[in-house]
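So this one's work.cif, mmCIF, C-alpha atoms:
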```cif
data_model
loop_
_atom_site.group_PDB
_atom_site.id
_atom_site.type_symbol
_atom_site.label_atom_id
_atom_site.label_comp_id
_atom_site.auth_asym_id
_atom_site.auth_seq_id
_atom_site.Cartn_x
_atom_site.Cartn_y
_atom_site.Cartn_z
ATOM 1 C CA MET A 233 -17.689 -3.582 17.186
ATOM 2 C CA SER A 234 -19.571 -1.545 14.585
ATOM 3 C CA VAL A 235 -19.761 2.181 13.872
ATOM 4 C CA GLU A 236 -21.671 4.171 11.298
ATOM 5 C CA ALA A 237 -19.594 4.458 8.167
ATOM 6 C CA LYS A 238 -18.616 7.678 6.469
ATOM 7 C CA PHE A 239 -19.251 8.459 2.819
ATOM 8 C CA TRP A 240 -22.606 6.952 1.923
ATOM 9 C CA LYS A 241 -26.082 8.112 0.996
ATOM 10 C CA PRO A 242 -29.580 6.712 1.565
ATOM 11 C CA LEU A 243 -31.625 5.517 -1.395
ATOM 12 C CA GLU A 244 -35.235 4.446 -1.816
ATOM 13 C CA ASN A 245 -36.713 1.356 -0.151
ATOM 14 C CA GLY A 246 -34.136 1.327 2.625
ATOM 15 C CA GLU A 247 -31.226 0.856 0.266
ATOM 16 C CA VAL A 248 -27.934 2.726 0.685
ATOM 17 C CA GLN A 249 -25.011 3.499 -1.587
ATOM 18 C CA CYS A 250 -21.439 3.405 -0.317
ATOM 19 C CA GLU A 251 -19.278 6.219 -1.686
ATOM 20 C CA LEU A 252 -15.922 5.277 -0.176
ATOM 21 C CA CYS A 253 -14.459 3.573 -3.251
ATOM 22 C CA PRO A 254 -15.239 3.637 -6.982
ATOM 23 C CA HIS A 255 -17.332 0.467 -6.768
ATOM 24 C CA PHE A 256 -20.190 2.594 -5.342
ATOM 25 C CA CYS A 257 -21.848 -0.523 -3.944
ATOM 26 C CA ARG A 258 -25.635 -0.226 -3.832
ATOM 27 C CA LEU A 259 -26.860 -2.309 -0.907
ATOM 28 C CA LYS A 260 -30.250 -3.623 0.059
ATOM 29 C CA PRO A 261 -30.984 -3.988 3.790
ATOM 30 C CA GLY A 262 -28.756 -6.648 5.350
ATOM 31 C CA LYS A 263 -26.338 -6.769 2.416
ATOM 32 C CA ALA A 264 -22.614 -6.015 2.527
ATOM 33 C CA GLY A 265 -20.434 -4.424 -0.112
ATOM 34 C CA ILE A 266 -17.668 -6.047 -2.132
ATOM 35 C CA CYS A 267 -15.283 -5.402 0.770
ATOM 36 C CA ARG A 268 -17.590 -7.443 3.072
ATOM 37 C CA ILE A 269 -17.103 -5.169 6.101
ATOM 38 C CA ARG A 270 -19.448 -2.285 5.187
ATOM 39 C CA ARG A 271 -23.092 -3.338 5.470
ATOM 40 C CA ASN A 272 -26.593 -1.890 5.211
ATOM 41 C CA ILE A 273 -28.153 -2.287 8.642
ATOM 42 C CA ASN A 274 -31.621 -0.773 9.038
ATOM 43 C CA GLY A 275 -31.072 1.738 6.270
ATOM 44 C CA LYS A 276 -27.659 2.923 7.451
ATOM 45 C CA LEU A 277 -24.209 1.992 6.194
ATOM 46 C CA ILE A 278 -22.365 0.420 9.093
ATOM 47 C CA ALA A 279 -18.635 -0.342 9.266
ATOM 48 C CA THR A 280 -19.083 -3.796 10.764
ATOM 49 C CA GLY A 281 -15.372 -4.585 10.562
ATOM 50 C CA TYR A 282 -14.280 -1.614 12.660
ATOM 51 C CA GLY A 283 -11.178 -2.714 14.587
ATOM 52 C CA GLU A 284 -11.836 -6.388 13.793
ATOM 53 C CA THR A 285 -8.319 -7.661 13.163
ATOM 54 C CA THR A 286 -7.190 -10.835 11.435
ATOM 55 C CA SER A 287 -3.456 -10.431 12.013
ATOM 56 C CA ILE A 288 -0.990 -8.539 14.166
ATOM 57 C CA ALA A 289 2.793 -8.770 13.886
ATOM 58 C CA MET A 290 5.994 -6.774 14.146
ATOM 59 C CA ASP A 291 7.619 -6.373 10.730
ATOM 60 C CA PRO A 292 10.710 -4.620 9.362
ATOM 61 C CA ILE A 293 9.472 -1.522 7.563
ATOM 62 C CA GLU A 294 11.411 -2.708 4.514
ATOM 63 C CA LYS A 295 8.982 -5.637 4.231
ATOM 64 C CA LYS A 296 6.040 -3.377 3.411
ATOM 65 C CA PRO A 297 8.014 -2.380 1.251
ATOM 66 C CA LEU A 298 8.888 1.143 2.369
ATOM 67 C CA PHE A 299 12.565 1.853 1.683
ATOM 68 C CA HIS A 300 12.630 5.637 2.051
ATOM 69 C CA PHE A 301 10.595 6.048 5.248
ATOM 70 C CA LYS A 302 12.353 5.479 8.578
ATOM 71 C CA PRO A 303 14.683 2.776 7.190
ATOM 72 C CA GLY A 304 15.871 0.134 9.628
ATOM 73 C CA ASN A 305 12.832 0.434 11.908
ATOM 74 C CA TYR A 306 10.125 -2.029 12.861
ATOM 75 C CA VAL A 307 6.394 -1.374 12.551
ATOM 76 C CA LEU A 308 3.301 -3.014 14.009
ATOM 77 C CA SER A 309 1.260 -4.573 11.194
ATOM 78 C CA VAL A 310 -2.493 -5.162 11.367
ATOM 79 C CA ALA A 311 -5.148 -6.165 8.846
ATOM 80 C CA PRO A 312 -8.927 -6.168 8.390
ATOM 81 C CA ASN A 313 -10.826 -9.179 7.086
ATOM 82 C CA GLY A 314 -11.716 -8.073 3.585
ATOM 83 C CA CYS A 315 -10.733 -6.343 0.372
ATOM 84 C CA ASN A 316 -12.430 -4.359 -2.386
ATOM 85 C CA PHE A 317 -10.416 -6.198 -5.081
ATOM 86 C CA HIS A 318 -10.411 -9.884 -5.996
ATOM 87 C CA CYS A 319 -6.923 -10.381 -7.462
ATOM 88 C CA ASP A 320 -6.462 -13.954 -8.680
ATOM 89 C CA TRP A 321 -2.823 -13.977 -7.473
ATOM 90 C CA CYS A 322 -3.450 -12.635 -3.960
ATOM 91 C CA GLN A 323 -0.851 -13.928 -1.500
ATOM 92 C CA ASN A 324 -3.086 -13.179 1.487
ATOM 93 C CA TRP A 325 -6.278 -14.547 0.000
ATOM 94 C CA GLU A 326 -7.148 -16.506 3.155
ATOM 95 C CA ILE A 327 -7.824 -13.249 5.027
ATOM 96 C CA SER A 328 -8.738 -10.970 2.117
ATOM 97 C CA GLN A 329 -11.173 -13.158 0.177
ATOM 98 C CA SER A 330 -12.896 -15.237 2.856
ATOM 99 C CA LYS A 331 -14.344 -14.721 6.307
ATOM 100 C CA VAL A 332 -12.044 -15.730 9.166
ATOM 101 C CA PRO A 333 -12.110 -15.251 12.952
ATOM 102 C CA THR A 334 -11.052 -11.782 14.096
ATOM 103 C CA GLN A 335 -10.140 -10.085 17.347
ATOM 104 C CA HIS A 336 -11.354 -6.596 18.168
ATOM 105 C CA LEU A 337 -8.603 -4.112 18.983
ATOM 106 C CA THR A 338 -9.678 -0.707 20.198
ATOM 107 C CA SER A 339 -7.725 2.200 18.769
ATOM 108 C CA ASP A 340 -6.310 2.905 22.245
ATOM 109 C CA LEU A 341 -5.137 -0.678 22.665
ATOM 110 C CA LEU A 342 -3.521 -0.802 19.234
ATOM 111 C CA VAL A 343 -1.505 2.324 19.955
ATOM 112 C CA THR A 344 -0.586 0.978 23.406
ATOM 113 C CA ILE A 345 0.761 -2.211 21.822
ATOM 114 C CA ALA A 346 2.748 -0.205 19.273
ATOM 115 C CA LEU A 347 4.315 1.904 22.018
ATOM 116 C CA ARG A 348 5.055 -1.145 24.160
ATOM 117 C CA GLU A 349 6.820 -2.839 21.245
ATOM 118 C CA ARG A 350 8.677 0.394 20.398
ATOM 119 C CA ALA A 351 7.270 0.336 16.891
ATOM 120 C CA ALA A 352 8.104 3.307 14.691
ATOM 121 C CA GLY A 353 4.638 3.108 13.237
ATOM 122 C CA ILE A 354 1.466 1.139 12.660
ATOM 123 C CA ALA A 355 1.156 -0.423 9.209
ATOM 124 C CA PHE A 356 -2.352 -1.132 7.977
ATOM 125 C CA THR A 357 -1.486 -3.888 5.554
ATOM 126 C CA TYR A 358 -1.809 -7.539 4.398
ATOM 127 C CA THR A 359 -5.373 -7.091 3.045
ATOM 128 C CA GLU A 360 -6.892 -3.747 1.980
ATOM 129 C CA PRO A 361 -6.632 -1.150 4.750
ATOM 130 C CA LEU A 362 -8.641 1.651 3.155
ATOM 131 C CA ILE A 363 -11.866 -0.272 3.783
ATOM 132 C CA TRP A 364 -10.947 0.357 7.470
ATOM 133 C CA PHE A 365 -11.311 4.081 6.811
ATOM 134 C CA GLU A 366 -12.939 5.100 10.094
ATOM 135 C CA TYR A 367 -10.659 2.927 12.222
ATOM 136 C CA ILE A 368 -7.456 4.231 10.630
ATOM 137 C CA ILE A 369 -8.421 7.819 11.338
ATOM 138 C CA ASP A 370 -9.326 7.040 14.954
ATOM 139 C CA VAL A 371 -6.025 5.204 15.496
ATOM 140 C CA ALA A 372 -4.111 8.061 13.875
ATOM 141 C CA LYS A 373 -5.703 10.664 16.133
ATOM 142 C CA ILE A 374 -4.359 8.785 19.151
ATOM 143 C CA GLY A 375 -1.075 7.451 17.810
ATOM 144 C CA ARG A 376 0.440 10.291 15.801
ATOM 145 C CA PRO A 377 0.552 12.774 18.723
ATOM 146 C CA LYS A 378 2.517 10.086 20.594
ATOM 147 C CA GLY A 379 5.066 9.733 17.808
ATOM 148 C CA VAL A 380 3.608 6.631 16.140
ATOM 149 C CA SER A 381 3.551 6.993 12.354
ATOM 150 C CA MET A 382 0.610 5.744 10.299
ATOM 151 C CA LEU A 383 1.376 3.647 7.207
ATOM 152 C CA ALA A 384 -1.062 2.359 4.576
ATOM 153 C CA ILE A 385 -0.072 -0.497 2.275
ATOM 154 C CA THR A 386 -2.911 -0.279 -0.201
ATOM 155 C CA ASN A 387 -4.327 -0.979 -3.628
ATOM 156 C CA GLY A 388 -5.235 2.715 -3.814
ATOM 157 C CA TYR A 389 -8.875 2.091 -4.690
ATOM 158 C CA ILE A 390 -10.666 4.977 -3.016
ATOM 159 C CA GLU A 391 -12.631 8.026 -4.088
ATOM 160 C CA PRO A 392 -10.867 11.443 -4.084
ATOM 161 C CA GLU A 393 -13.041 13.013 -1.344
ATOM 162 C CA PRO A 394 -12.465 10.363 1.351
ATOM 163 C CA LEU A 395 -8.811 10.146 0.315
ATOM 164 C CA ASP A 396 -8.495 13.874 0.871
ATOM 165 C CA GLU A 397 -9.875 13.430 4.379
ATOM 166 C CA LEU A 398 -7.589 10.485 5.091
ATOM 167 C CA LEU A 399 -4.250 11.812 3.822
ATOM 168 C CA PRO A 400 -3.587 14.286 6.673
ATOM 169 C CA HIS A 401 -3.582 11.257 9.003
ATOM 170 C CA ILE A 402 -1.185 9.144 6.909
ATOM 171 C CA ASP A 403 2.605 9.481 7.089
ATOM 172 C CA ALA A 404 3.541 7.055 4.314
ATOM 173 C CA MET A 405 1.888 4.816 1.733
ATOM 174 C CA ASN A 406 2.931 2.014 -0.543
ATOM 175 C CA ILE A 407 0.441 1.837 -3.386
ATOM 176 C CA ASP A 408 0.211 -1.444 -5.259
ATOM 177 C CA LEU A 409 -0.210 -0.682 -8.955
ATOM 178 C CA LYS A 410 -1.374 -3.903 -10.606
ATOM 179 C CA SER A 411 -1.113 -3.072 -14.315
ATOM 180 C CA MET A 412 -1.109 -0.206 -16.797
ATOM 181 C CA ASN A 413 -3.841 -1.921 -18.816
ATOM 182 C CA PRO A 414 -7.430 -0.861 -17.974
ATOM 183 C CA GLU A 415 -8.870 -4.113 -19.317
ATOM 184 C CA ALA A 416 -6.531 -6.201 -17.138
ATOM 185 C CA TYR A 417 -7.627 -4.181 -14.091
ATOM 186 C CA ARG A 418 -11.285 -4.831 -14.813
ATOM 187 C CA LYS A 419 -10.764 -8.536 -15.511
ATOM 188 C CA PHE A 420 -8.408 -9.490 -12.691
ATOM 189 C CA THR A 421 -9.240 -7.054 -9.868
ATOM 190 C CA GLY A 422 -12.735 -5.788 -10.596
ATOM 191 C CA GLY A 423 -11.457 -2.211 -10.370
ATOM 192 C CA LYS A 424 -10.555 0.702 -12.625
ATOM 193 C CA LEU A 425 -6.956 1.635 -13.427
ATOM 194 C CA GLU A 426 -7.687 5.351 -13.732
ATOM 195 C CA SER A 427 -8.958 5.533 -10.139
ATOM 196 C CA VAL A 428 -5.697 4.057 -8.832
ATOM 197 C CA LEU A 429 -3.609 6.414 -10.962
ATOM 198 C CA GLU A 430 -5.581 9.355 -9.552
ATOM 199 C CA THR A 431 -4.946 8.096 -6.002
ATOM 200 C CA ILE A 432 -1.206 8.034 -6.723
ATOM 201 C CA LYS A 433 -1.230 11.568 -8.113
ATOM 202 C CA GLN A 434 -3.355 12.917 -5.248
ATOM 203 C CA SER A 435 -1.360 11.160 -2.528
ATOM 204 C CA ALA A 436 2.047 12.157 -3.899
ATOM 205 C CA LYS A 437 1.169 15.799 -3.256
ATOM 206 C CA LYS A 438 0.451 15.291 0.451
ATOM 207 C CA THR A 439 2.404 12.379 1.901
ATOM 208 C CA HIS A 440 5.355 10.062 1.317
ATOM 209 C CA ILE A 441 4.504 7.395 -1.255
ATOM 210 C CA GLU A 442 6.224 4.433 -2.839
ATOM 211 C CA ILE A 443 4.840 2.209 -5.595
ATOM 212 C CA THR A 444 4.954 -1.569 -5.934
ATOM 213 C CA PHE A 445 4.474 -3.228 -9.316
ATOM 214 C CA LEU A 446 4.186 -7.008 -9.142
ATOM 215 C CA MET A 447 5.454 -8.258 -12.498
ATOM 216 C CA ILE A 448 3.250 -11.156 -13.594
ATOM 217 C CA PRO A 449 4.029 -13.178 -16.725
ATOM 218 C CA THR A 450 1.213 -13.087 -19.323
ATOM 219 C CA LEU A 451 -0.345 -10.105 -17.538
ATOM 220 C CA ASN A 452 1.917 -7.057 -17.195
ATOM 221 C CA ASP A 453 5.583 -7.922 -17.804
ATOM 222 C CA THR A 454 6.089 -6.731 -21.380
ATOM 223 C CA GLU A 455 8.618 -4.021 -22.141
ATOM 224 C CA LYS A 456 5.817 -1.860 -23.563
ATOM 225 C CA GLU A 457 3.925 -1.992 -20.264
ATOM 226 C CA ILE A 458 7.045 -1.288 -18.202
ATOM 227 C CA ARG A 459 7.802 1.808 -20.283
ATOM 228 C CA LYS A 460 4.226 2.979 -19.807
ATOM 229 C CA LEU A 461 4.569 2.448 -16.050
ATOM 230 C CA VAL A 462 7.872 4.332 -15.892
ATOM 231 C CA ASP A 463 6.530 7.230 -17.931
ATOM 232 C CA PHE A 464 3.569 7.540 -15.561
ATOM 233 C CA VAL A 465 5.709 7.505 -12.405
ATOM 234 C CA GLU A 466 8.090 10.041 -13.933
ATOM 235 C CA SER A 467 5.149 12.317 -14.781
ATOM 236 C CA VAL A 468 4.092 12.343 -11.118
ATOM 237 C CA ASN A 469 7.568 12.566 -9.570
ATOM 238 C CA PRO A 470 10.726 10.783 -10.797
ATOM 239 C CA LYS A 471 11.899 10.490 -7.189
ATOM 240 C CA ILE A 472 9.024 8.216 -6.139
ATOM 241 C CA PRO A 473 10.600 4.842 -5.227
ATOM 242 C CA LEU A 474 9.432 2.085 -7.560
ATOM 243 C CA HIS A 475 9.534 -1.539 -6.395
ATOM 244 C CA LEU A 476 9.475 -4.084 -9.222
ATOM 245 C CA SER A 477 8.476 -7.275 -7.463
ATOM 246 C CA ARG A 478 8.785 -10.894 -8.584
ATOM 247 C CA TYR A 479 5.541 -12.841 -8.842
ATOM 248 C CA TYR A 480 5.164 -16.400 -7.525
ATOM 249 C CA PRO A 481 2.110 -18.624 -8.133
ATOM 250 C CA SER A 482 -0.607 -18.104 -5.532
ATOM 251 C CA TYR A 483 -4.353 -18.493 -5.024
ATOM 252 C CA LYS A 484 -5.973 -18.956 -8.466
ATOM 253 C CA PHE A 485 -3.006 -17.889 -10.613
ATOM 254 C CA ASN A 486 -0.486 -20.585 -11.495
ATOM 255 C CA VAL A 487 1.677 -19.241 -14.328
ATOM 256 C CA PRO A 488 5.423 -19.695 -13.653
ATOM 257 C CA PRO A 489 7.328 -17.099 -11.573
ATOM 258 C CA THR A 490 8.679 -13.986 -13.261
ATOM 259 C CA SER A 491 12.026 -14.664 -14.894
ATOM 260 C CA PRO A 492 15.054 -12.835 -13.442
ATOM 261 C CA GLU A 493 15.973 -11.633 -16.939
ATOM 262 C CA ILE A 494 12.654 -9.836 -17.381
ATOM 263 C CA LEU A 495 12.934 -8.238 -13.933
ATOM 264 C CA ILE A 496 16.475 -7.029 -14.609
ATOM 265 C CA ASN A 497 15.457 -5.635 -17.988
ATOM 266 C CA ALA A 498 12.550 -3.767 -16.390
ATOM 267 C CA TYR A 499 14.888 -2.472 -13.678
ATOM 268 C CA ASN A 500 17.302 -1.101 -16.282
ATOM 269 C CA ILE A 501 14.474 0.547 -18.222
ATOM 270 C CA ALA A 502 13.117 2.195 -15.083
ATOM 271 C CA LYS A 503 16.551 3.441 -14.034
ATOM 272 C CA GLU A 504 16.745 5.466 -17.264
ATOM 273 C CA LYS A 505 14.109 7.881 -15.961
ATOM 274 C CA LEU A 506 13.548 7.246 -12.242
ATOM 275 C CA SER A 507 15.881 8.022 -9.339
ATOM 276 C CA TYR A 508 15.021 5.039 -7.133
ATOM 277 C CA VAL A 509 14.189 1.604 -8.517
ATOM 278 C CA TYR A 510 14.307 -1.695 -6.631
ATOM 279 C CA ILE A 511 13.754 -5.386 -7.347
ATOM 280 C CA GLY A 512 11.784 -7.309 -4.731
ATOM 281 C CA ASN A 513 11.236 -11.025 -4.027
ATOM 282 C CA LEU A 514 14.485 -11.888 -5.810
ATOM 283 C CA PRO A 515 17.983 -11.378 -4.368
ATOM 284 C CA ILE A 516 20.005 -9.507 -6.994
ATOM 285 C CA HIS A 517 23.213 -7.711 -6.056
ATOM 286 C CA ASP A 518 22.691 -3.941 -5.688
ATOM 287 C CA ALA A 519 19.025 -4.083 -6.755
ATOM 288 C CA GLU A 520 17.802 -3.207 -3.247
ATOM 289 C CA ASN A 521 20.519 -0.695 -2.315
ATOM 290 C CA THR A 522 19.936 3.047 -2.518
ATOM 291 C CA TYR A 523 22.476 5.222 -4.314
ATOM 292 C CA CYS A 524 22.639 8.992 -4.476
ATOM 293 C CA PRO A 525 21.124 10.049 -7.825
ATOM 294 C CA GLU A 526 23.610 12.946 -7.981
ATOM 295 C CA CYS A 527 26.935 11.144 -7.414
ATOM 296 C CA ASN A 528 26.088 7.413 -7.138
ATOM 297 C CA ASN A 529 27.347 7.225 -3.548
ATOM 298 C CA LEU A 530 25.947 4.227 -1.610
ATOM 299 C CA LEU A 531 23.420 5.712 0.819
ATOM 300 C CA ILE A 532 21.721 2.619 2.247
ATOM 301 C CA GLU A 533 22.782 -0.991 1.926
ATOM 302 C CA ARG A 534 20.098 -3.676 2.225
ATOM 303 C CA ARG A 535 20.243 -7.423 2.683
ATOM 304 C CA GLY A 536 16.916 -9.148 2.924
ATOM 305 C CA PHE A 537 14.793 -7.022 5.251
ATOM 306 C CA THR A 538 17.751 -5.419 7.042
ATOM 307 C CA SER A 539 19.238 -2.079 6.102
ATOM 308 C CA ALA A 540 22.210 0.028 7.141
ATOM 309 C CA ALA A 541 22.982 3.663 6.383
ATOM 310 C CA ARG A 542 26.376 3.932 4.698
ATOM 311 C CA GLY A 543 26.531 7.355 3.131
ATOM 312 C CA ILE A 544 24.093 9.652 4.944
ATOM 313 C CA THR A 545 25.234 12.410 7.287
ATOM 314 C CA ASP A 546 23.488 13.197 10.565
ATOM 315 C CA ASP A 547 21.749 16.157 8.940
ATOM 316 C CA GLY A 548 20.299 14.043 6.109
ATOM 317 C CA LYS A 549 22.730 14.658 3.272
ATOM 318 C CA CYS A 550 24.850 12.535 0.987
ATOM 319 C CA SER A 551 28.242 12.106 2.626
ATOM 320 C CA LYS A 552 30.020 12.451 -0.719
ATOM 321 C CA CYS A 553 28.347 15.308 -2.619
ATOM 322 C CA GLY A 554 26.229 16.973 0.077
ATOM 323 C CA ALA A 555 22.912 16.613 -1.765
ATOM 324 C CA LYS A 556 19.842 16.321 0.468
ATOM 325 C CA VAL A 557 18.727 12.698 0.534
ATOM 326 C CA ASP A 558 15.154 11.688 -0.300
ATOM 327 C CA PHE A 559 14.321 9.915 2.946
ATOM 328 C CA VAL A 560 12.112 10.426 5.958
ATOM 329 C CA LEU A 561 14.629 9.462 8.645
#
```
Full structure transcribed into structure tokens:
Amino acid sequence: MSVEAKFWKPLENGEVQCELCPHFCRLKPGKAGICRIRRNINGKLIATGYGETTSIAMDPIEKKPLFHFKPGNYVLSVAPNGCNFHCDWCQNWEISQSKVPTQHLTSDLLVTIALRERAAGIAFTYTEPLIWFEYIIDVAKIGRPKGVSMLAITNGYIEPEPLDELLPHIDAMNIDLKSMNPEAYRKFTGGKLESVLETIKQSAKKTHIEITFLMIPTLNDTEKEIRKLVDFVESVNPKIPLHLSRYYPSYKFNVPPTSPEILINAYNIAKEKLSYVYIGNLPIHDAENTYCPECNNLLIERRGFTSAARGITDDGKCSKCGAKVDFVL
């Protein structure tokens, strides 16, 4: 199914320019943008990937990762067939970087499945969900009034105006920050760091956000870069959960996995200034638990993708010191 896309303008000679993300793809008739699912058809920008789904699965919300939004729940995950980045280490490159068979799911059907499976929300994830802009909004208009939360697991590469239109429909986001080096962003993703940083700042004002930073040897794992990352997150809000995730070789990137020592060092640096820091893709004692930043009481204990509340009262406070906890329960 195809629908006319939002955020584009006509140009001369039947060309169009997409204005959804900072790539600003200029497309001749018949051509698609970098994302591959927004195409110039007869002088109009058409969202040809609308509702065309590569994957559908029930996942623990902690897998997204979202640790401070409805912990312990399951969400229905879906993905489009495309992405507006080309990360050399992509773990889902089969569905983000190449064309694969898809199944069309109407917005009504997707919400029906989520309700049938008793999902706490729908997670647009695996590839890049923001290229599904029109579909996400349509699903949200149906699902949110029925109690189904909308989650976006995203690279954050979107222009401020469409993001402003999208945010009222989104209940939580995990934004994948690839590096704090603009040159590395350009070389390895094709995008601009500053645009992603602006998305984080804009989104943090209007919805629940968490940040994932995949620590990749030779790319972004130096202490200098970690301190730059931490200073940025602190400047936005020191209570934003930061997930420092271990890299493993994938797709076109084959440097060795991130060493545990570097991850632990980064974790300790981040804890100096941020309230909630976690290590992902590597089981380290206490590095996925949540503690009260006021009294260090264990609030949520996690093992793998399971979680259990240990120190949170029914009215959302720390059971030891009474401070309001930073969770959407």
- Polymer residues at most 9 Å from A:Ala279, all atoms listed in the file, same-chain spacing of 4 or more positions, as an MDAnalysis selection string: chainID A and resid 233:238 269:271 363:366
All residues 9 Å or closer to stretch 367-384 of chain A, all atoms listed in the file, same chain fewer than 3 positions away omitted, as an mmCIF file with C-alpha atoms, in the coordinates of the input:
```cif
data_model
loop_
_atom_site.group_PDB
_atom_site.id
_atom_site.type_symbol
_atom_site.label_atom_id
_atom_site.label_comp_id
_atom_site.auth_asym_id
_atom_site.auth_seq_id
_atom_site.Cartn_x
_atom_site.Cartn_y
_atom_site.Cartn_z
ATOM 1 C CA TYR A 282 -14.280 -1.614 12.660
ATOM 2 C CA GLY A 283 -11.178 -2.714 14.587
ATOM 3 C CA VAL A 307 6.394 -1.374 12.551
ATOM 4 C CA THR A 338 -9.678 -0.707 20.198
ATOM 5 C CA SER A 339 -7.725 2.200 18.769
ATOM 6 C CA ASP A 340 -6.310 2.905 22.245
ATOM 7 C CA LEU A 342 -3.521 -0.802 19.234
ATOM 8 C CA VAL A 343 -1.505 2.324 19.955
ATOM 9 C CA THR A 344 -0.586 0.978 23.406
ATOM 10 C CA ALA A 346 2.748 -0.205 19.273
ATOM 11 C CA LEU A 347 4.315 1.904 22.018
ATOM 12 C CA ALA A 351 7.270 0.336 16.891
ATOM 13 C CA ALA A 352 8.104 3.307 14.691
ATOM 14 C CA GLY A 353 4.638 3.108 13.237
ATOM 15 C CA ILE A 354 1.466 1.139 12.660
ATOM 16 C CA ALA A 355 1.156 -0.423 9.209
ATOM 17 C CA PHE A 356 -2.352 -1.132 7.977
ATOM 18 C CA THR A 357 -1.486 -3.888 5.554
ATOM 19 C CA GLU A 360 -6.892 -3.747 1.980
ATOM 20 C CA PRO A 361 -6.632 -1.150 4.750
ATOM 21 C CA LEU A 362 -8.641 1.651 3.155
ATOM 22 C CA TRP A 364 -10.947 0.357 7.470
ATOM 23 C CA LEU A 398 -7.589 10.485 5.091
ATOM 24 C CA HIS A 401 -3.582 11.257 9.003
ATOM 25 C CA ILE A 402 -1.185 9.144 6.909
ATOM 26 C CA ASP A 403 2.605 9.481 7.089
ATOM 27 C CA ALA A 404 3.541 7.055 4.314
ATOM 28 C CA MET A 405 1.888 4.816 1.733
ATOM 29 C CA ASN A 406 2.931 2.014 -0.543
ATOM 30 C CA ILE A 407 0.441 1.837 -3.386
#
```
- Task: Could you state which residues are captured by the PyMOL selection byres ((chain A and resi 311) around 8) in this file, as a ChimeraX atom specification?
- Result: /A:285-288,309-310,312-313,356-361
Residues from the last selection, C-alpha atoms, saved as an mmCIF file, in the coordinates of the input:
```
data_model
loop_
_atom_site.group_PDB
_atom_site.id
_atom_site.type_symbol
_atom_site.label_atom_id
_atom_site.label_comp_id
_atom_site.auth_asym_id
_atom_site.auth_seq_id
_atom_site.Cartn_x
_atom_site.Cartn_y
_atom_site.Cartn_z
ATOM 1 C CA THR A 285 -8.319 -7.661 13.163
ATOM 2 C CA THR A 286 -7.190 -10.835 11.435
ATOM 3 C CA SER A 287 -3.456 -10.431 12.013
ATOM 4 C CA ILE A 288 -0.990 -8.539 14.166
ATOM 5 C CA SER A 309 1.260 -4.573 11.194
ATOM 6 C CA VAL A 310 -2.493 -5.162 11.367
ATOM 7 C CA PRO A 312 -8.927 -6.168 8.390
ATOM 8 C CA ASN A 313 -10.826 -9.179 7.086
ATOM 9 C CA PHE A 356 -2.352 -1.132 7.977
ATOM 10 C CA THR A 357 -1.486 -3.888 5.554
ATOM 11 C CA TYR A 358 -1.809 -7.539 4.398
ATOM 12 C CA THR A 359 -5.373 -7.091 3.045
ATOM 13 C CA GLU A 360 -6.892 -3.747 1.980
ATOM 14 C CA PRO A 361 -6.632 -1.150 4.750
#
```
- Grab the atom CA of A:Leu451 to atom CA of A:Ile327 distance for me, in Å with one decimal place.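 Those two atoms sit 24.0 Å apart.
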- Message: I need the output of the PyMOL selection byres ((chain A and resi 457) around 12) for this file as a list in words; which residues are they?
- Response: Lys410, Ser411, Met412, Asn413, Pro414, Ala416, Phe445, Met447, Ile448, Pro449, Thr450, Leu451, Asn452, Asp453, Thr454, Glu455, Lys456, Ile458, Arg459, Lys460, Leu461, Val462, Asp463, Phe464, Ala498, Ile501 and Ala502 of chain A
- Message: To test your reading of the syntax: which residues would the PyMOL selection byres ((chain A and resi 318) around 6) return for the file shown? Reply as a list of chain:residue names.
- Response: A:Phe317, A:Cys319, A:Thr421
- How far is it from atom CA of A:Ile278 to atom CA of A:Glu326, in Å with one decimal? 23.5 Å
- Near A:Lys556, counting all atoms listed in the file, which residues have an atom at most 10 Å away, once you skip same-chain residues fewer than 2 positions from it, shown as a PyMOL selection string? chain A and resi 524+526+544-545+547-551+553-554+558-559
